[in-house]
$ cat my_file.cif   # mmCIF, C-alpha atoms
data_coords
#
loop_
_atom_site.label_atom_id
_atom_site.label_comp_id
_atom_site.auth_asym_id
_atom_site.auth_seq_id
_atom_site.Cartn_x
_atom_site.Cartn_y
_atom_site.Cartn_z
CA MET D 1 103.76 121.25 109.69
CA LYS D 2 107.07 119.63 110.65
CA ALA D 3 108.67 116.95 108.47
CA ILE D 4 112.04 115.27 108.11
CA VAL D 5 113.58 116.35 104.82
CA TYR D 6 116.72 115.47 102.86
CA THR D 7 117.86 117.32 99.75
CA GLN D 8 121.07 115.41 99.07
CA TYR D 9 122.24 111.81 99.36
CA GLY D 10 124.51 110.79 102.21
CA SER D 11 124.80 109.78 105.85
CA PRO D 12 122.02 110.28 108.43
CA ASP D 13 123.38 113.80 108.89
CA VAL D 14 121.65 114.90 105.65
CA LEU D 15 118.28 114.56 107.39
CA HIS D 16 116.88 117.70 108.99
CA ILE D 17 113.58 118.89 110.40
CA GLN D 18 111.78 121.52 108.35
CA GLU D 19 108.46 123.33 108.15
CA VAL D 20 106.55 122.22 105.03
CA GLU D 21 103.05 122.80 103.77
CA LYS D 22 100.34 120.63 105.32
CA PRO D 23 98.87 118.35 102.63
CA THR D 24 95.24 118.42 101.53
CA PRO D 25 93.51 115.14 100.65
CA ASN D 26 92.06 114.66 97.19
CA ASP D 27 88.69 113.03 96.62
CA ASP D 28 90.07 109.51 97.19
CA GLN D 29 92.38 110.17 100.14
CA VAL D 30 92.27 110.53 103.90
CA LEU D 31 94.35 113.00 105.88
CA VAL D 32 96.08 111.21 108.76
CA ARG D 33 97.58 112.97 111.74
CA VAL D 34 100.66 110.82 112.31
CA HIS D 35 101.44 109.72 115.86
CA ALA D 36 104.23 107.26 115.07
CA ALA D 37 106.25 106.00 112.11
CA SER D 38 108.89 103.31 111.78
CA LEU D 39 112.15 102.83 109.90
CA ASN D 40 112.88 100.30 107.14
CA PRO D 41 116.25 99.43 105.56
CA ALA D 42 114.95 100.37 102.09
CA GLU D 43 114.62 103.98 103.20
CA ALA D 44 118.22 104.01 104.39
CA HIS D 45 119.30 102.81 100.92
CA MET D 46 117.25 105.62 99.37
CA ARG D 47 118.84 108.21 101.65
CA LYS D 48 122.33 106.96 100.82
CA GLY D 49 121.54 107.17 97.12
CA ALA D 50 122.20 103.51 96.36
CA LEU D 51 121.90 102.92 92.61
CA MET D 52 119.04 100.43 92.77
CA ALA D 53 117.21 102.55 95.31
CA ARG D 54 117.40 105.55 92.99
CA VAL D 55 116.00 103.49 90.13
CA PHE D 56 113.18 101.81 92.06
CA ALA D 57 112.22 104.94 93.99
CA GLY D 58 112.11 107.07 90.87
CA ASN D 59 114.60 109.51 92.36
CA GLU D 60 116.90 111.70 90.35
CA PHE D 61 120.48 110.48 90.15
CA LEU D 62 122.13 113.68 91.40
CA LYS D 63 119.68 114.54 94.18
CA PRO D 64 116.47 113.13 95.66
CA LYS D 65 113.22 114.04 93.95
CA LYS D 66 111.12 112.75 96.84
CA THR D 67 112.56 114.55 99.84
CA ILE D 68 110.56 113.14 102.79
CA LEU D 69 111.35 109.60 103.89
CA GLY D 70 109.14 107.21 105.82
CA ALA D 71 106.67 104.48 104.92
CA ASP D 72 105.05 102.86 107.97
CA ILE D 73 102.62 105.10 109.84
CA ALA D 74 100.01 105.01 112.57
CA GLY D 75 97.70 107.87 113.53
CA ARG D 76 94.18 109.33 113.45
CA VAL D 77 92.06 110.27 110.48
CA GLU D 78 91.47 114.02 110.51
CA ALA D 79 89.71 114.62 107.18
CA MET D 80 88.85 112.82 103.97
CA GLY D 81 87.88 113.24 100.35
CA LYS D 82 84.30 112.92 99.14
CA ASN D 83 84.82 109.43 97.68
CA VAL D 84 86.18 107.86 100.88
CA THR D 85 83.75 105.33 102.39
CA GLN D 86 85.80 103.11 104.72
CA PHE D 87 86.96 105.66 107.29
CA LYS D 88 85.67 108.62 109.28
CA PRO D 89 87.33 111.41 111.29
CA GLY D 90 88.75 110.10 114.56
CA ASP D 91 89.44 106.57 113.29
CA GLU D 92 92.78 105.20 114.47
CA VAL D 93 94.59 103.67 111.50
CA PHE D 94 97.89 102.09 110.50
CA GLY D 95 99.47 101.29 107.17
CA ARG D 96 101.90 102.50 104.56
CA ARG D 97 102.46 105.93 103.04
CA SER D 98 105.65 105.94 101.01
CA PRO D 99 107.32 108.32 101.00
CA ASP D 100 106.29 111.13 103.41
CA GLY D 101 105.83 109.10 106.60
CA PHE D 102 108.14 111.24 108.73
CA ALA D 103 105.77 114.18 108.85
CA GLU D 104 103.04 115.40 111.17
CA TYR D 105 100.35 114.82 108.53
CA VAL D 106 100.12 112.59 105.46
CA CYS D 107 97.52 112.01 102.77
CA VAL D 108 96.94 108.40 101.78
CA SER D 109 94.38 106.38 99.84
CA GLU D 110 92.11 103.86 101.57
CA ASN D 111 93.82 100.73 100.23
CA PRO D 112 97.18 100.71 102.07
CA ILE D 113 95.71 101.50 105.52
CA ALA D 114 93.40 99.72 107.96
CA LEU D 115 91.88 100.32 111.37
CA LYS D 116 94.50 100.02 114.11
CA PRO D 117 94.20 97.02 116.45
CA THR D 118 92.44 98.12 119.61
CA ASN D 119 94.90 96.47 121.98
CA ILE D 120 98.18 98.02 120.79
CA THR D 121 99.72 101.48 120.86
CA PHE D 122 100.38 103.79 117.94
CA GLU D 123 104.07 103.00 118.31
CA GLN D 124 103.44 99.25 118.04
CA ALA D 125 101.07 99.74 115.11
CA ALA D 126 103.65 101.81 113.21
CA ALA D 127 106.09 98.91 113.55
CA VAL D 128 103.82 96.53 111.66
CA PRO D 129 103.05 97.29 107.99
CA VAL D 130 106.15 96.63 105.85
CA ALA D 131 107.89 94.22 108.23
CA ALA D 132 104.90 92.07 109.19
CA ILE D 133 103.50 91.92 105.65
CA THR D 134 106.95 90.90 104.39
CA ALA D 135 107.01 88.14 107.00
CA LEU D 136 103.48 86.97 106.16
CA GLN D 137 103.92 86.94 102.39
CA SER D 138 107.37 85.32 102.52
CA LEU D 139 105.95 82.44 104.56
CA ARG D 140 102.48 82.03 103.06
CA ASP D 141 102.87 83.09 99.42
CA ASP D 142 106.49 82.54 98.43
CA GLY D 143 107.30 79.88 101.02
CA GLN D 144 104.01 77.94 100.78
CA ILE D 145 104.34 77.05 104.45
CA GLN D 146 102.51 73.99 105.77
CA PRO D 147 101.79 72.80 109.34
CA GLY D 148 104.54 70.60 110.76
CA GLN D 149 107.25 71.79 108.39
CA LYS D 150 110.75 72.51 109.64
CA VAL D 151 111.26 76.23 109.10
CA LEU D 152 114.47 78.17 109.67
CA ILE D 153 114.47 81.96 109.99
CA ASN D 154 117.78 83.72 109.53
CA GLY D 155 117.77 87.14 111.18
CA ALA D 156 115.08 86.09 113.64
CA SER D 157 115.52 89.01 116.03
CA GLY D 158 115.26 91.87 113.52
CA GLY D 159 112.31 93.92 112.35
CA VAL D 160 111.02 91.33 109.87
CA GLY D 161 112.40 88.34 111.76
CA THR D 162 110.47 88.91 114.99
CA PHE D 163 107.23 88.85 113.00
CA THR D 164 108.35 85.87 110.91
CA VAL D 165 108.95 83.70 113.98
CA GLN D 166 105.49 84.44 115.40
CA ILE D 167 103.63 84.03 112.12
CA ALA D 168 105.45 80.77 111.30
CA LYS D 169 104.37 79.38 114.68
CA SER D 170 100.78 80.46 114.01
CA PHE D 171 100.91 78.28 110.86
CA GLY D 172 101.92 75.30 113.02
CA ALA D 173 105.55 75.07 111.89
CA ASP D 174 108.54 73.77 113.82
CA VAL D 175 110.65 76.93 113.96
CA THR D 176 114.40 77.43 114.30
CA GLY D 177 115.58 81.02 114.69
CA VAL D 178 119.07 82.28 113.90
CA CYS D 179 120.35 85.33 115.77
CA ARG D 180 123.33 86.60 117.75
CA THR D 181 124.05 85.62 121.36
CA GLN D 182 122.35 88.60 123.02
CA ASN D 183 119.02 87.92 121.29
CA ARG D 184 118.54 84.21 121.95
CA ASP D 185 116.10 84.72 124.84
CA LEU D 186 114.02 87.16 122.79
CA VAL D 187 113.67 84.72 119.89
CA ARG D 188 112.70 81.89 122.24
CA SER D 189 110.09 84.15 123.87
CA LEU D 190 108.51 84.71 120.45
CA GLY D 191 107.88 80.97 120.13
CA ALA D 192 110.94 79.53 118.38
CA ASP D 193 111.38 75.83 119.14
CA ARG D 194 115.16 76.16 118.96
CA VAL D 195 117.67 78.96 118.47
CA ILE D 196 121.02 78.96 116.67
CA ASP D 197 123.63 81.51 117.69
CA TYR D 198 125.32 82.49 114.42
CA THR D 199 128.47 83.54 116.27
CA GLN D 200 128.90 79.93 117.38
CA GLU D 201 127.33 77.85 114.60
CA ASP D 202 126.66 78.07 110.84
CA PHE D 203 123.18 76.74 110.12
CA THR D 204 124.22 75.79 106.57
CA ARG D 205 126.99 73.48 107.83
CA ASN D 206 125.58 71.75 110.90
CA GLY D 207 123.97 68.86 109.01
CA GLN D 208 120.37 69.98 109.63
CA ARG D 209 117.93 70.27 106.72
CA TYR D 210 114.82 72.42 106.47
CA ASP D 211 111.63 72.43 104.41
CA LEU D 212 111.59 76.23 104.33
CA ILE D 213 114.27 78.85 104.93
CA ILE D 214 113.37 82.53 105.28
CA ASP D 215 116.58 84.56 105.06
CA ASN D 216 116.07 88.12 106.24
CA VAL D 217 119.81 88.81 106.03
CA GLY D 218 120.84 87.43 102.64
CA ASN D 219 124.41 86.70 103.71
CA HIS D 220 124.81 83.17 102.34
CA SER D 221 125.64 81.75 98.94
CA ILE D 222 123.28 79.72 96.78
CA SER D 223 125.30 76.58 97.52
CA ASP D 224 124.80 77.17 101.25
CA TYR D 225 121.03 77.29 100.80
CA VAL D 226 121.02 74.18 98.61
CA ARG D 227 122.97 72.29 101.27
CA ALA D 228 120.57 73.32 104.06
CA LEU D 229 117.32 72.49 102.23
CA ASN D 230 115.42 69.22 102.20
CA PRO D 231 114.49 67.80 98.80
CA LYS D 232 111.70 70.01 97.42
CA GLY D 233 112.62 72.61 100.05
CA ILE D 234 112.10 76.34 99.47
CA CYS D 235 114.37 79.24 100.38
CA VAL D 236 112.91 82.76 100.33
CA ILE D 237 115.51 85.54 100.48
CA VAL D 238 114.20 88.81 101.90
CA GLY D 239 117.31 90.89 102.58
CA PHE D 240 120.72 91.36 101.00
CA THR D 241 124.17 92.27 102.27
CA SER D 242 126.14 92.91 99.08
CA VAL D 243 125.51 93.46 95.38
CA PRO D 244 127.50 90.34 94.30
CA LEU D 245 125.40 88.12 96.58
CA LEU D 246 122.22 89.87 95.44
CA LEU D 247 123.02 89.16 91.79
CA GLN D 248 123.88 85.56 92.64
CA HIS D 249 120.56 85.14 94.44
CA LEU D 250 118.62 86.67 91.55
CA LEU D 251 120.33 84.85 88.68
CA LEU D 252 121.67 81.58 90.04
CA GLY D 253 118.73 81.11 92.35
CA ARG D 254 116.38 81.27 89.38
CA LEU D 255 118.48 78.71 87.48
CA ILE D 256 118.60 76.30 90.43
CA SER D 257 114.83 76.59 90.81
CA LYS D 258 114.28 75.67 87.15
CA ILE D 259 116.57 72.65 86.93
CA GLY D 260 116.20 71.11 90.39
CA SER D 261 113.60 70.21 92.99
CA LYS D 262 114.69 72.93 95.41
CA LYS D 263 113.39 76.47 95.00
CA ILE D 264 115.45 79.55 95.83
CA GLY D 265 114.35 83.10 95.13
CA MET D 266 113.99 86.63 96.38
CA MET D 267 110.71 88.26 97.31
CA LEU D 268 109.31 91.76 97.39
CA ALA D 269 106.33 92.45 99.64
CA HIS D 270 103.18 94.18 98.41
CA ILE D 271 101.00 96.10 100.86
CA LYS D 272 97.49 94.66 100.70
CA LYS D 273 94.55 95.79 102.77
CA THR D 274 93.44 92.19 103.27
CA ASP D 275 96.81 91.35 104.80
CA LEU D 276 96.73 94.42 107.07
CA VAL D 277 93.29 93.31 108.28
CA LEU D 278 94.56 89.77 108.86
CA LEU D 279 97.50 91.09 110.89
CA LYS D 280 95.10 93.31 112.85
CA GLU D 281 93.01 90.26 113.75
CA MET D 282 96.10 88.29 114.79
CA MET D 283 97.24 91.10 117.09
CA GLU D 284 93.80 91.49 118.64
CA ALA D 285 93.76 87.73 119.24
CA GLY D 286 97.15 87.89 120.97
CA LYS D 287 98.85 85.78 118.29
CA LEU D 288 101.18 88.56 117.13
CA VAL D 289 103.00 91.15 119.23
CA PRO D 290 105.18 93.87 117.64
CA VAL D 291 108.67 94.08 119.11
CA ILE D 292 110.13 97.59 119.43
CA ASP D 293 113.85 98.13 119.81
CA ARG D 294 113.77 101.86 120.61
CA CYS D 295 111.58 104.92 120.11
CA TYR D 296 113.02 108.27 119.02
CA PRO D 297 111.34 111.69 118.76
CA LEU D 298 111.00 113.17 115.28
CA SER D 299 113.91 115.52 115.95
CA GLU D 300 116.24 112.53 116.43
CA VAL D 301 115.54 110.65 113.19
CA SER D 302 119.25 110.81 112.29
CA GLU D 303 120.11 108.93 115.48
CA ALA D 304 117.36 106.42 114.73
CA TYR D 305 118.90 105.66 111.33
CA ARG D 306 122.35 105.28 112.89
CA ARG D 307 120.85 102.68 115.18
CA LEU D 308 119.18 100.92 112.24
CA GLU D 309 122.40 100.84 110.25
CA GLU D 310 124.27 99.18 113.11
CA LYS D 311 122.15 96.13 112.11
CA HIS D 312 121.75 94.97 115.70
CA ALA D 313 118.27 96.31 116.48
CA ARG D 314 115.92 93.92 118.30
CA GLY D 315 112.66 94.33 116.43
CA LYS D 316 111.62 97.65 114.92
CA ILE D 317 112.86 101.21 115.45
CA VAL D 318 110.04 103.73 115.81
CA VAL D 319 109.81 107.51 115.56
CA THR D 320 107.16 109.31 117.64
CA LEU D 321 105.54 112.65 116.79
CA GLU D 322 104.25 115.15 119.30
CA HIS D 323 101.56 117.59 118.17
#
$ encode --input "my_file.cif" --output "structure tokens"
Amino acid sequence: MKAIVYTQYGSPDVLHIQEVEKPTPNDDQVLVRVHAASLNPAEAHMRKGALMARVFAGNEFLKPKKTILGADIAGRVEAMGKNVTQFKPGDEVFGRRSPDGFAEYVCVSENPIALKPTNITFEQAAAVPVAAITALQSLRDDGQIQPGQKVLINGASGGVGTFTVQIAKSFGADVTGVCRTQNRDLVRSLGADRVIDYTQEDFTRNGQRYDLIIDNVGNHSISDYVRALNPKGICVIVGFTSVPLLLQHLLLGRLISKIGSKKIGMMLAHIKKTDLVLLKEMMEAGKLVPVIDRCYPLSEVSEAYRRLEEKHARGKIVVTLEH
């Protein structure tokens, strides 16, 4: 089968298409024929060989140990192990298989996948798992969102942000989205009550205060977040732009949360089947629509990552596979 492989760290040019052995499911796995997969920033950090990515991914320091990237997948079940009870051949599924997503076939256990919503395409389904679950858990679990709260979403037009806006509205929040000029109409169309253009206005210095801030960019200091929060407000930081800011968010954010009434912290999403099912139900009810920036064929994964690393994608970038 064809897969996208990298054997050294570096730019998107290190990625190449290669024939590899088709996997065989064990007793607890299903074999999925992948129709679409999507990109996530974490995979770009792994490919570059960023220090933290090497540590968290379990990769070797001099070269990658896991040579096929990709996490979010959507496709059809082709075969299964004897202990699998939740799926059958022909089922259309979506979920997470990390790594190995950029391949024609993957083996995955039952827990990180669910039946695909009936009203969306494979490409849309592949855009969902990591980004939408990050949005859901940042709002519901870390952010403790409540109806009527004033919620600000920084990076509202990106892969995670487009889901965060829609899910926050489904919780009954008053939503402000922050994005660049070209994406204002998109963010409004997703349900945002107001939109701030970050090229014209700094949301941390305009005098407005919020009950909950979801920062998908991570480009502000702790003092900025403190200034923009209401008393007892919560800031959940999802992304990061530099190691110094990341360390500040991890260390100083924890201190601020302990000594004051405002809570600031970073979050890491966990793929849960119950959350995939919840997202499936929201999509089938028309409450959640995946936004796709562009689709690329498997042979153009390098170009897809270049687009991702420009950091101006509207929604998710998806890779399609032809069989």
$ atom_distance --input "my_file.cif" --atom1 "atom CA of Gly159 of chain D" --atom2 "atom CA of Ser109 of chain D"
25.2 Å
$ residues_around --input "my_file.cif" --residues "segment 170-186 of chain D" --least-positions-apart "5" --cutoff "8 Å" --atoms "all atoms listed in the file" --output "list in words"
Ile145, Gln146, Pro147, Gly148, Gln149, Lys150, Val151, Leu152, Ile153, Asn154, Gly155, Ala156, Ser157, Val165, Gly191, Ala192, Asp193, Arg194, Val195, Ile196, Asp197, Tyr198, Thr199, Phe203, Lys287 and Arg314 of chain D
$ residues_around --input "my_file.cif" --residues "Arg47 of chain D" --least-positions-apart "4" --cutoff "7 Å" --atoms "only C-alpha atoms" --output "count of residues only"
3
$ residues_near_point --input "my_file.cif" --point "(125.8, 87.3, 102.5)" --cutoff "10 Å" --atoms "all atoms listed in the file" --output "PDB file with C-alpha atoms, in the coordinates of the input"
ATOM      1  CA  ASP D 215     116.580  84.560 105.060  1.00  0.00           C
ATOM      2  CA  VAL D 217     119.810  88.810 106.030  1.00  0.00           C
ATOM      3  CA  GLY D 218     120.840  87.430 102.640  1.00  0.00           C
ATOM      4  CA  ASN D 219     124.410  86.700 103.710  1.00  0.00           C
ATOM      5  CA  HIS D 220     124.810  83.170 102.340  1.00  0.00           C
ATOM      6  CA  SER D 221     125.640  81.750  98.940  1.00  0.00           C
ATOM      7  CA  ILE D 222     123.280  79.720  96.780  1.00  0.00           C
ATOM      8  CA  GLY D 239     117.310  90.890 102.580  1.00  0.00           C
ATOM      9  CA  PHE D 240     120.720  91.360 101.000  1.00  0.00           C
ATOM     10  CA  THR D 241     124.170  92.270 102.270  1.00  0.00           C
ATOM     11  CA  SER D 242     126.140  92.910  99.080  1.00  0.00           C
ATOM     12  CA  VAL D 243     125.510  93.460  95.380  1.00  0.00           C
ATOM     13  CA  PRO D 244     127.500  90.340  94.300  1.00  0.00           C
ATOM     14  CA  LEU D 245     125.400  88.120  96.580  1.00  0.00           C
ATOM     15  CA  LEU D 246     122.220  89.870  95.440  1.00  0.00           C
ATOM     16  CA  HIS D 249     120.560  85.140  94.440  1.00  0.00           C
TER      17      HIS D 249
END
$ axis_aligned_box --input "my_file.cif" --around "segment 145-158 of chain D" --padding-each-side "6 Å" --output "JSON"
{"center_x": 109.8, "center_y": 81.2, "center_z": 110.2, "size_x": 28.0, "size_y": 33.3, "size_z": 23.6}
$ atom_distance --input "my_file.cif" --atom1 "atom CA of Gln208 of chain D" --atom2 "atom CA of Val236 of chain D"
17.5 Å
$ resolve_selection --input "my_file.cif" --expression "the PyMOL selection byres ((chain D and resi 265) around 9)" --output "PDB file with C-alpha atoms, keeping the file's coordinate frame"
ATOM      1  CA  ASP D 142     106.490  82.540  98.430  1.00  0.00           C
ATOM      2  CA  ILE D 234     112.100  76.340  99.470  1.00  0.00           C
ATOM      3  CA  CYS D 235     114.370  79.240 100.380  1.00  0.00           C
ATOM      4  CA  VAL D 236     112.910  82.760 100.330  1.00  0.00           C
ATOM      5  CA  ILE D 237     115.510  85.540 100.480  1.00  0.00           C
ATOM      6  CA  VAL D 238     114.200  88.810 101.900  1.00  0.00           C
ATOM      7  CA  HIS D 249     120.560  85.140  94.440  1.00  0.00           C
ATOM      8  CA  LEU D 250     118.620  86.670  91.550  1.00  0.00           C
ATOM      9  CA  LEU D 251     120.330  84.850  88.680  1.00  0.00           C
ATOM     10  CA  GLY D 253     118.730  81.110  92.350  1.00  0.00           C
ATOM     11  CA  ARG D 254     116.380  81.270  89.380  1.00  0.00           C
ATOM     12  CA  SER D 257     114.830  76.590  90.810  1.00  0.00           C
ATOM     13  CA  LYS D 263     113.390  76.470  95.000  1.00  0.00           C
ATOM     14  CA  ILE D 264     115.450  79.550  95.830  1.00  0.00           C
ATOM     15  CA  MET D 266     113.990  86.630  96.380  1.00  0.00           C
ATOM     16  CA  MET D 267     110.710  88.260  97.310  1.00  0.00           C
TER      17      MET D 267
END
$ residues_around --input "my_file.cif" --residues "Ser299 of chain D" --least-positions-apart "5" --cutoff "12 Å" --atoms "only C-alpha atoms" --output "PyMOL selection string"
chain D and resi 2-5+13+15-18+102-104+304-305+319-322
$ closest_residue --input "my_file.cif" --among "D:Gly233, D:Gly95, D:Gly81, D:Gly101" --to "Thr24 of chain D" --atoms "all atoms listed in the file"
D:Gly81
$ closest_residue --input "my_file.cif" --among "D:Met283, D:Val160, D:Ile113, D:Leu229" --to "Asn40 of chain D" --atoms "all atoms listed in the file"
D:Val160
$ residues_near_point --input "my_file.cif" --point "(84.7, 112.2, 117.3)" --cutoff "12 Å" --atoms "all atoms listed in the file" --output "PyMOL selection string"
chain D and resi 76-79+88-92
$ write_last_selection --input "my_file.cif" --atoms "C-alpha atoms" --output "PDB file, in the frame of the given file"
ATOM      1  CA  ARG D  76      94.180 109.330 113.450  1.00  0.00           C
ATOM      2  CA  VAL D  77      92.060 110.270 110.480  1.00  0.00           C
ATOM      3  CA  GLU D  78      91.470 114.020 110.510  1.00  0.00           C
ATOM      4  CA  ALA D  79      89.710 114.620 107.180  1.00  0.00           C
ATOM      5  CA  LYS D  88      85.670 108.620 109.280  1.00  0.00           C
ATOM      6  CA  PRO D  89      87.330 111.410 111.290  1.00  0.00           C
ATOM      7  CA  GLY D  90      88.750 110.100 114.560  1.00  0.00           C
ATOM      8  CA  ASP D  91      89.440 106.570 113.290  1.00  0.00           C
ATOM      9  CA  GLU D  92      92.780 105.200 114.470  1.00  0.00           C
TER      10      GLU D  92
END
$ residues_around --input "my_file.cif" --residues "Gln166 of chain D" --least-positions-apart "3" --cutoff "6 Å" --atoms "only C-alpha atoms" --output "PDB file with C-alpha atoms, in the coordinates of the input"
ATOM      1  CA  PHE D 163     107.230  88.850 113.000  1.00  0.00           C
ATOM      2  CA  LYS D 169     104.370  79.380 114.680  1.00  0.00           C
ATOM      3  CA  LEU D 190     108.510  84.710 120.450  1.00  0.00           C
TER       4      LEU D 190
END
$ atom_distance --input "my_file.cif" --atom1 "atom CA of Lys66 of chain D" --atom2 "atom CA of Ala42 of chain D"
14.0 Å
$ residues_around --input "my_file.cif" --residues "segment 273-276 of chain D" --least-positions-apart "3" --cutoff "6 Å" --atoms "all atoms listed in the file" --output "count of residues only"
3
$ resolve_selection --input "my_file.cif" --expression "the PyMOL selection byres ((chain D and resi 86) around 10)" --output "ChimeraX atom specification"
/D:30,83-85,87-88,91,110-111,114-115
$ decode --input "my_file.cif" --residues "segment 236-254 of chain D" --atoms "N, CA and C atoms" --output "mmCIF file, in the first residue's frame"
data_model
loop_
_atom_site.group_PDB
_atom_site.id
_atom_site.type_symbol
_atom_site.label_atom_id
_atom_site.label_comp_id
_atom_site.auth_asym_id
_atom_site.auth_seq_id
_atom_site.Cartn_x
_atom_site.Cartn_y
_atom_site.Cartn_z
ATOM 1 N N VAL D 236 -8.280 29.206 28.942
ATOM 2 C CA VAL D 236 -7.750 27.902 28.533
ATOM 3 C C VAL D 236 -6.875 28.126 27.304
ATOM 4 N N ILE D 237 -5.599 27.778 27.414
ATOM 5 C CA ILE D 237 -4.648 27.986 26.329
ATOM 6 C C ILE D 237 -4.450 26.662 25.607
ATOM 7 N N VAL D 238 -4.739 26.674 24.305
ATOM 8 C CA VAL D 238 -4.680 25.455 23.506
ATOM 9 C C VAL D 238 -3.398 25.390 22.681
ATOM 10 N N GLY D 239 -3.026 26.513 22.059
ATOM 11 C CA GLY D 239 -1.851 26.517 21.200
ATOM 12 C C GLY D 239 -0.697 27.284 21.817
ATOM 13 N N PHE D 240 0.447 27.261 21.132
ATOM 14 C CA PHE D 240 1.575 28.078 21.587
ATOM 15 C C PHE D 240 2.379 28.553 20.386
ATOM 16 N N THR D 241 3.019 29.703 20.548
ATOM 17 C CA THR D 241 3.763 30.314 19.448
ATOM 18 C C THR D 241 5.260 30.345 19.691
ATOM 19 N N SER D 242 5.687 30.230 20.947
ATOM 20 C CA SER D 242 7.116 30.244 21.252
ATOM 21 C C SER D 242 7.352 29.505 22.559
ATOM 22 N N VAL D 243 8.546 28.970 22.722
ATOM 23 C CA VAL D 243 8.885 28.248 23.947
ATOM 24 C C VAL D 243 8.850 29.158 25.174
ATOM 25 N N PRO D 244 9.378 30.402 25.117
ATOM 26 C CA PRO D 244 9.288 31.273 26.293
ATOM 27 C C PRO D 244 7.852 31.516 26.750
ATOM 28 N N LEU D 245 6.941 31.773 25.796
ATOM 29 C CA LEU D 245 5.541 31.967 26.177
ATOM 30 C C LEU D 245 4.942 30.666 26.715
ATOM 31 N N LEU D 246 5.292 29.556 26.113
ATOM 32 C CA LEU D 246 4.788 28.268 26.584
ATOM 33 C C LEU D 246 5.186 28.032 28.040
ATOM 34 N N LEU D 247 6.440 28.279 28.368
ATOM 35 C CA LEU D 247 6.902 28.088 29.744
ATOM 36 C C LEU D 247 6.202 29.054 30.697
ATOM 37 N N GLN D 248 5.999 30.290 30.229
ATOM 38 C CA GLN D 248 5.274 31.265 31.054
ATOM 39 C C GLN D 248 3.858 30.777 31.322
ATOM 40 N N HIS D 249 3.192 30.276 30.283
ATOM 41 C CA HIS D 249 1.820 29.796 30.453
ATOM 42 C C HIS D 249 1.761 28.606 31.414
ATOM 43 N N LEU D 250 2.732 27.725 31.305
ATOM 44 C CA LEU D 250 2.738 26.531 32.158
ATOM 45 C C LEU D 250 3.037 26.866 33.616
ATOM 46 N N LEU D 251 4.049 27.695 33.847
ATOM 47 C CA LEU D 251 4.522 27.948 35.204
ATOM 48 C C LEU D 251 3.785 29.096 35.878
ATOM 49 N N LEU D 252 3.778 30.248 35.221
ATOM 50 C CA LEU D 252 3.137 31.409 35.836
ATOM 51 C C LEU D 252 1.623 31.261 35.850
ATOM 52 N N GLY D 253 1.089 30.639 34.827
ATOM 53 C CA GLY D 253 -0.353 30.417 34.799
ATOM 54 C C GLY D 253 -0.809 29.575 35.978
ATOM 55 N N ARG D 254 -0.025 28.563 36.309
ATOM 56 C CA ARG D 254 -0.354 27.710 37.455
ATOM 57 C C ARG D 254 -0.295 28.498 38.757
#
